[in-house]
Structure formats: structure tokens, C-alpha cells
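Enquirer: Quick one, entry-v6.txt (compact mmCIF, C-alpha atoms and all ligand atoms):
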# COMPACT_ATOMS: atom_id res chain seq x y z
CA SER A 1224 126.06 125.21 97.65
CA LYS A 1225 124.80 126.32 94.24
CA LYS A 1226 122.91 123.72 92.22
CA VAL A 1227 124.12 122.38 88.92
CA LYS A 1228 121.17 123.23 86.68
CA GLY A 1229 119.91 120.86 84.03
CA THR A 1230 122.08 118.05 85.34
CA ARG A 1231 121.38 114.70 86.89
CA VAL A 1232 123.76 112.19 88.45
CA SER A 1233 122.43 108.68 88.85
CA ARG A 1234 123.81 105.48 90.31
CA TYR A 1235 122.63 101.90 90.22
CA PHE A 1236 122.77 99.76 93.31
CA ILE A 1237 121.58 96.36 94.46
CA LEU A 1238 119.00 95.71 97.14
CA GLY A 1239 118.88 92.05 98.02
CA SER A 1240 118.76 89.20 100.45
CA GLU A 1241 120.32 85.81 100.91
CA SER A 1242 119.05 82.95 103.05
CA TRP A 1243 120.11 79.45 104.03
CA ASN A 1244 118.95 76.62 106.26
CA LEU A 1245 120.27 76.71 109.79
CA ASP A 1246 122.14 73.58 110.76
CA LEU A 1247 120.22 72.77 113.91
CA GLU A 1248 122.37 69.66 114.56
CA ASP A 1249 125.63 71.60 114.71
CA LYS A 1250 126.14 72.19 118.43
CA THR A 1251 129.11 74.50 117.80
CA LYS A 1252 126.57 77.01 116.47
CA GLY A 1253 123.48 78.50 117.99
CA PRO A 1254 121.45 77.92 120.02
CA TYR A 1255 118.90 79.66 117.86
CA PRO A 1256 115.61 81.07 119.11
CA GLU A 1257 112.76 78.55 119.27
CA GLY A 1258 111.27 77.79 115.86
CA HIS A 1259 113.96 79.50 113.81
CA THR A 1260 114.98 77.43 110.78
CA LYS A 1261 116.62 79.97 108.47
CA GLY A 1262 119.58 82.30 108.52
CA TRP A 1263 119.37 85.35 106.30
CA ARG A 1264 120.81 88.72 105.53
CA VAL A 1265 119.38 91.70 103.71
CA TYR A 1266 121.68 94.27 102.14
CA ILE A 1267 122.31 97.24 99.92
CA LYS A 1268 125.51 97.13 97.89
CA GLY A 1269 127.12 98.64 94.83
CA LEU A 1270 127.48 96.83 91.54
CA ASP A 1271 130.50 94.54 91.17
CA ASN A 1272 133.43 96.75 90.11
CA GLY A 1273 131.11 99.74 90.28
CA PRO A 1274 131.69 103.01 92.12
CA ASP A 1275 131.74 103.11 95.92
CA ILE A 1276 128.18 103.70 97.16
CA THR A 1277 129.38 105.37 100.37
CA THR A 1278 130.15 108.46 98.27
CA TRP A 1279 126.40 109.14 98.33
CA LEU A 1280 124.90 106.69 100.86
CA LYS A 1281 125.61 107.37 104.54
CA LYS A 1282 123.02 105.51 106.55
CA VAL A 1283 120.43 102.81 106.03
CA MET A 1284 117.60 102.04 108.41
CA PHE A 1285 116.18 98.55 107.99
CA LYS A 1286 112.72 97.98 109.39
CA LEU A 1287 112.14 94.29 110.08
CA HIS A 1288 108.93 92.44 110.91
CA ALA A 1289 107.49 93.49 114.29
CA THR A 1290 108.17 90.00 115.70
CA TYR A 1291 111.84 90.99 115.90
CA ALA A 1292 113.13 92.72 119.00
CA ASP A 1293 114.57 96.14 118.06
CA HIS A 1294 113.01 95.81 114.65
CA THR A 1295 114.53 99.05 113.35
CA ARG A 1296 118.21 98.46 112.68
CA THR A 1297 120.48 101.31 111.67
CA VAL A 1298 123.72 100.86 109.76
CA GLU A 1299 126.03 103.77 109.04
CA ALA A 1300 128.82 104.19 106.50
CA PRO A 1301 131.24 102.66 105.82
CA GLY A 1302 128.86 99.75 106.30
CA PRO A 1303 128.49 97.10 105.02
CA PHE A 1304 124.84 98.11 104.79
CA GLU A 1305 123.36 94.82 105.89
CA VAL A 1306 121.44 93.11 108.65
CA SER A 1307 121.88 89.43 109.50
CA GLU A 1308 119.27 87.49 111.40
CA THR A 1309 117.66 84.13 111.89
CA GLY A 1310 113.94 83.45 111.67
CA TYR A 1311 111.13 81.30 110.35
CA GLY A 1312 109.04 83.51 108.09
CA GLU A 1313 109.19 85.73 105.04
CA PHE A 1314 108.16 89.36 105.19
CA VAL A 1315 108.73 92.69 103.48
CA VAL A 1316 111.76 94.63 104.74
CA GLU A 1317 111.31 98.40 104.64
CA LEU A 1318 114.41 100.52 104.16
CA ARG A 1319 115.13 104.17 104.51
CA MET A 1320 118.25 105.49 102.83
CA HIS A 1321 119.99 108.59 104.14
CA PHE A 1322 122.34 110.43 101.83
CA GLU A 1323 125.60 112.34 101.95
CA PRO A 1324 124.66 115.70 103.53
CA LEU A 1325 126.21 117.61 100.61
CA ALA A 1326 123.52 116.09 98.39
CA SER A 1327 120.77 117.95 100.31
CA GLU A 1328 118.43 115.13 99.43
CA ARG A 1329 115.54 113.83 101.53
CA PRO A 1330 115.80 110.23 102.73
CA GLN A 1331 114.31 107.70 100.33
CA TYR A 1332 112.21 104.68 100.99
CA ARG A 1333 112.57 101.23 99.42
CA THR A 1334 111.16 97.77 100.11
CA HIS A 1335 112.51 94.29 99.64
CA SER A 1336 110.61 91.00 99.92
CA LEU A 1337 112.75 88.69 102.00
CA ARG A 1338 112.83 85.24 100.38
CA LEU A 1339 113.58 82.24 102.53
CA GLU A 1340 112.21 79.48 100.29
CA PRO A 1341 113.32 78.62 96.75
CA PHE A 1342 111.26 80.56 94.20
CA GLY A 1343 110.94 81.03 90.45
CA ASP A 1344 110.72 78.33 87.81
CA GLU A 1345 111.77 74.70 88.43
CA ALA A 1346 115.32 75.19 87.10
CA GLN A 1347 115.81 78.29 89.22
CA GLN A 1348 114.56 76.53 92.34
CA GLU A 1349 116.85 73.58 91.62
CA ARG A 1350 119.86 75.90 91.40
CA GLN A 1351 118.93 77.52 94.69
CA ARG A 1352 118.62 74.12 96.40
CA ALA A 1353 121.94 72.94 94.96
CA ALA A 1354 123.67 76.10 96.15
CA GLY A 1355 122.04 75.86 99.58
CA ARG A 1356 121.26 79.55 99.16
CA VAL A 1357 118.22 81.55 98.14
CA VAL A 1358 119.34 84.88 96.72
CA SER A 1359 116.86 87.55 95.70
CA GLU A 1360 118.21 90.79 94.27
CA GLN A 1361 116.64 93.84 92.69
CA LEU A 1362 118.49 96.47 90.69
CA GLU A 1363 117.70 99.94 91.97
CA LEU A 1364 118.46 103.40 90.68
CA ILE A 1365 119.06 106.60 92.60
CA GLU A 1366 118.89 109.92 90.81
CA PHE A 1367 120.17 113.23 92.09
CA ASN A 1368 118.55 116.00 90.09
CA GLU A 1369 120.28 119.37 89.88
CA PRO A 1370 122.74 118.36 92.61
CA PRO A 1371 124.54 120.98 94.69
CA GLU A 1372 127.88 121.83 93.09
CA ALA A 1373 130.01 120.41 95.94
CA PHE A 1374 128.18 117.10 95.82
CA TYR A 1375 128.33 116.97 92.04
CA GLN A 1376 132.10 117.45 92.14
CA LYS A 1377 132.43 114.69 94.72
CA MET A 1378 130.42 112.30 92.56
CA ILE A 1379 132.20 112.93 89.30
CA SER A 1380 135.69 112.87 90.81
CA GLU A 1381 135.32 109.41 92.41
C1 LIG A 1401 103.91 87.33 108.71
N1 LIG A 1401 105.22 86.13 107.08
O1 LIG A 1401 103.97 88.28 107.94
C2 LIG A 1401 104.66 86.06 108.39
C3 LIG A 1401 105.69 85.77 109.47
C4 LIG A 1401 107.66 86.37 110.81
C5 LIG A 1401 109.06 86.83 110.80
C6 LIG A 1401 106.90 86.65 109.53
C7 LIG A 1401 111.14 85.51 113.78
C8 LIG A 1401 111.14 86.68 114.69
C9 LIG A 1401 111.67 86.39 116.07
C10 LIG A 1401 110.60 85.69 112.37
O2 LIG A 1401 110.98 84.96 111.49
N2 LIG A 1401 109.65 86.64 112.12
O3 LIG A 1401 111.34 85.30 116.56
O4 LIG A 1401 112.41 87.16 116.60
O5 LIG A 1401 103.24 87.38 109.73
Step by step, read the file and then write its structure as C-alpha cells.
Ligand code: SLL
Expert:
Amino acid sequence: SKKVKGTRVSRYFILGSESWNLDLEDKTKGPYPEGHTKGWRVYIKGLDNGPDITTWLKKVMFKLHATYADHTRTVEAPGPFEVSETGYGEFVVELRMHFEPLASERPQYRTHSLRLEPFGDEAQQERQRAAGRVVSEQLELIEFNEPPEAFYQKMISE
């Protein structure tokens, strides 16, 4: 459809990961692959109490480290846009975001450094140990410049 000239719609979202130690003694869980010590998930989500990201985000492809079988994982709306795994090592997750077709926008690429070990200053690391969780989140922005009218209407009426 016709583009809305001189207009931009933008949305914040969160790209993050969470990891924890696997309980290798708990026989009700697992067994885990040899050498795996961590559980983790990597995700894209909206802000708390923010607008629904599936209005504009339809599919996310997560590219994991090549040591993983099927290292490209695809998640479609309604999501949740996340991948859960176990492993032993940190790496950079590559993501490709596919948008609502009405947006007529090319897919966009993002990266996220998966954190499995506590990081940051001493106090921050202490909090992560106490919580038994290492969370690493980055605030991201998506901008739709001169969006097609139909998409613009969808975004502003949510
Ligand atoms: C690297 N950071 O870049 C290191 C190691 C390895 C990640 C990353 C297990 C995969 C699997 C896993 O944790 N891989 O066993 O399926 O080389």
C-alpha cells in the first residue's frame, strides 16, 4: 500500500539470554549430553507492559554455534521467540528477524553474546550467583521509516 511519508514508527524490544547450572545429580532430569554443565535460553521479547511485538515481528531465526545439531532454529509468531538449550560454552548467537509482511521491510540481523558465567563488577556477579541465574539483556530498537499505510494503521491502533 501507499507509504506514509515523513513518518517513522519505532518500537523497543529486548534481546537477551538467561543461564543456570544444570543439576547433574538430579536423576529425574536429563540425561544431558556429555560435558554439558549449563542450561540456557536466548530470547526476543517486548518490554514489560509494552505493546505486543507480534504486531510487527513474525519470525526469528536463531543461529547457534556450529557445535549444535540443527544450529539454525526458527521460531514463528505467536512465539515465544526463544530457544532453550544446554551446553558448556559461550558464543555469539546470530539472529535474523522477519517482519509482518504489511511492513514490506527486509529481514534484520542482530547478535547477542550468550553469557553462561557471572560477569560485570563484583556486586553484579554476587547477585547473579545468589539468584542462580546469569541474565544478560540488551535494549534494541526497530524503526520502520515511511511505513506502508496498512502497516502504519495496524501499529498505531494496537
Ligand atoms: C567456541 N566458546 O567459540 C567456544 C565454545 C561451544 C558451544 C562454544 C555444546 C554443543 C553441543 C556447546 O556448548 N557448544 O554439544 O551440542 O568455540
Enquirer: Which protein, DNA or RNA residues have an atom within 10 Å of ligand LIG 1401 (chain A), counting all atoms listed in the file, as a list in words?
Expert: Tyr1255, Pro1256, Glu1257, Gly1258, His1259, Thr1260, Lys1261, Gly1262, Trp1263, Leu1287, His1288, Ala1289, Thr1290, Tyr1291, Ala1292, Asp1293, His1294, Glu1308, Thr1309, Gly1310, Tyr1311, Gly1312, Glu1313, Phe1314, Val1315, Leu1337 and Leu1339 of chain A
Enquirer: Suppose we keep C-alpha atoms; can you now write the selection as a compact mmCIF listing (two decimals), in the frame of the given file?
Expert:
# COMPACT_ATOMS: atom_id res chain seq x y z
CA TYR A 1255 118.90 79.66 117.86
CA PRO A 1256 115.61 81.07 119.11
CA GLU A 1257 112.76 78.55 119.27
CA GLY A 1258 111.27 77.79 115.86
CA HIS A 1259 113.96 79.50 113.81
CA THR A 1260 114.98 77.43 110.78
CA LYS A 1261 116.62 79.97 108.47
CA GLY A 1262 119.58 82.30 108.52
CA TRP A 1263 119.37 85.35 106.30
CA LEU A 1287 112.14 94.29 110.08
CA HIS A 1288 108.93 92.44 110.91
CA ALA A 1289 107.49 93.49 114.29
CA THR A 1290 108.17 90.00 115.70
CA TYR A 1291 111.84 90.99 115.90
CA ALA A 1292 113.13 92.72 119.00
CA ASP A 1293 114.57 96.14 118.06
CA HIS A 1294 113.01 95.81 114.65
CA GLU A 1308 119.27 87.49 111.40
CA THR A 1309 117.66 84.13 111.89
CA GLY A 1310 113.94 83.45 111.67
CA TYR A 1311 111.13 81.30 110.35
CA GLY A 1312 109.04 83.51 108.09
CA GLU A 1313 109.19 85.73 105.04
CA PHE A 1314 108.16 89.36 105.19
CA VAL A 1315 108.73 92.69 103.48
CA LEU A 1337 112.75 88.69 102.00
CA LEU A 1339 113.58 82.24 102.53
Enquirer: My list of candidates is A:Met1378, A:Val1227, A:Ala1354, A:Leu1364. Which is closest to Thr1277 (chain A) when distances are computed with only C-alpha atoms?
Expert: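 Ranking A:Met1378, A:Val1227, A:Ala1354, A:Leu1364 by distance to Thr1277 (chain A), first place goes to A:Met1378.
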Enquirer: Calculate how many Å separate CA of Gly1343 (chain A) from CA of Gln1361 (chain A), rounding to one decimal.
Expert: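 Taking CA of Gly1343 (chain A) as the start and CA of Gln1361 (chain A) as the end point, the length is 14.2 Å.
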Enquirer: Tell me which of A:Lys1225, A:Arg1338, A:Arg1350, A:Lys1282 sits closest to Trp1243 (chain A), counting all atoms listed in the file.
Expert: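 So, comparing all the options, the nearest one is A:Arg1338.
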Enquirer: Rank nothing, just name the residue among A:Lys1252, A:Arg1234, A:Arg1296, A:Arg1264 nearest to Leu1280 (chain A), using all atoms listed in the file.
Expert: A:Arg1234
Enquirer: Mind giving me the straight-line distance from CA of Val1298 (chain A) to CA of Lys1226 (chain A) in Å, one decimal?
Expert: 28.8 Å
Enquirer: Distance CA of Ile1237 (chain A)-CA of Glu1345 (chain A), one decimal place?
Expert: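 Taking CA of Ile1237 (chain A) as the start and CA of Glu1345 (chain A) as the end point, the length is 24.5 Å.
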Enquirer: Quick one: of A:Asp1249, A:Glu1241, A:Gly1273, A:Tyr1235, who's nearest to Glu1381 (chain A), counting only C-alpha atoms?
Expert: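 Between A:Asp1249, A:Glu1241, A:Gly1273, A:Tyr1235, the residue approaching Glu1381 (chain A) most closely is A:Gly1273.
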Enquirer: Do a neighbour search on Val1283 (chain A) at 7 Å with all atoms listed in the file, toss out local chain neighbours closer than 4 positions, and write the hits as a list in words.
Expert: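 Result of the neighbour search: Thr1297, Val1298, Glu1299, Phe1304, Leu1318, Arg1319, Met1320 and His1321 of chain A.
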Enquirer: For each of A:Val1306, A:Val1358, A:Ala1326, A:Ala1353, take the minimum atom-to-atom distance to Glu1340 (chain A), counting all atoms listed in the file, then give the residue where this is smallest.
Expert: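 Closest residue, counting all atoms listed in the file: A:Val1358.
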Enquirer: Would you mind telling me which residue in A:Ala1300, A:Leu1270, A:Met1284, A:Leu1247 lies nearest to Glu1363 (chain A) when using all atoms listed in the file?
Expert: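 So, comparing all the options, the nearest one is A:Leu1270.
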Enquirer: Around region 1345-1351 of chain A, with edges along x, y and z and 5 Å added on all six sides, what centre and edge lengths do you get, in Å to one decimal, as lines of an AutoDock Vina configuration file?
Expert:
center_x = 115.8
center_y = 75.9
center_z = 90.9
size_x = 18.1
size_y = 14.7
size_z = 17.6
Enquirer: Give me the residues within 8 Å of Glu1323 (chain A) as number ranges by chain, counting all atoms listed in the file and dropping any in the same chain fewer than 6 places off.
Expert: A: 1278-1281
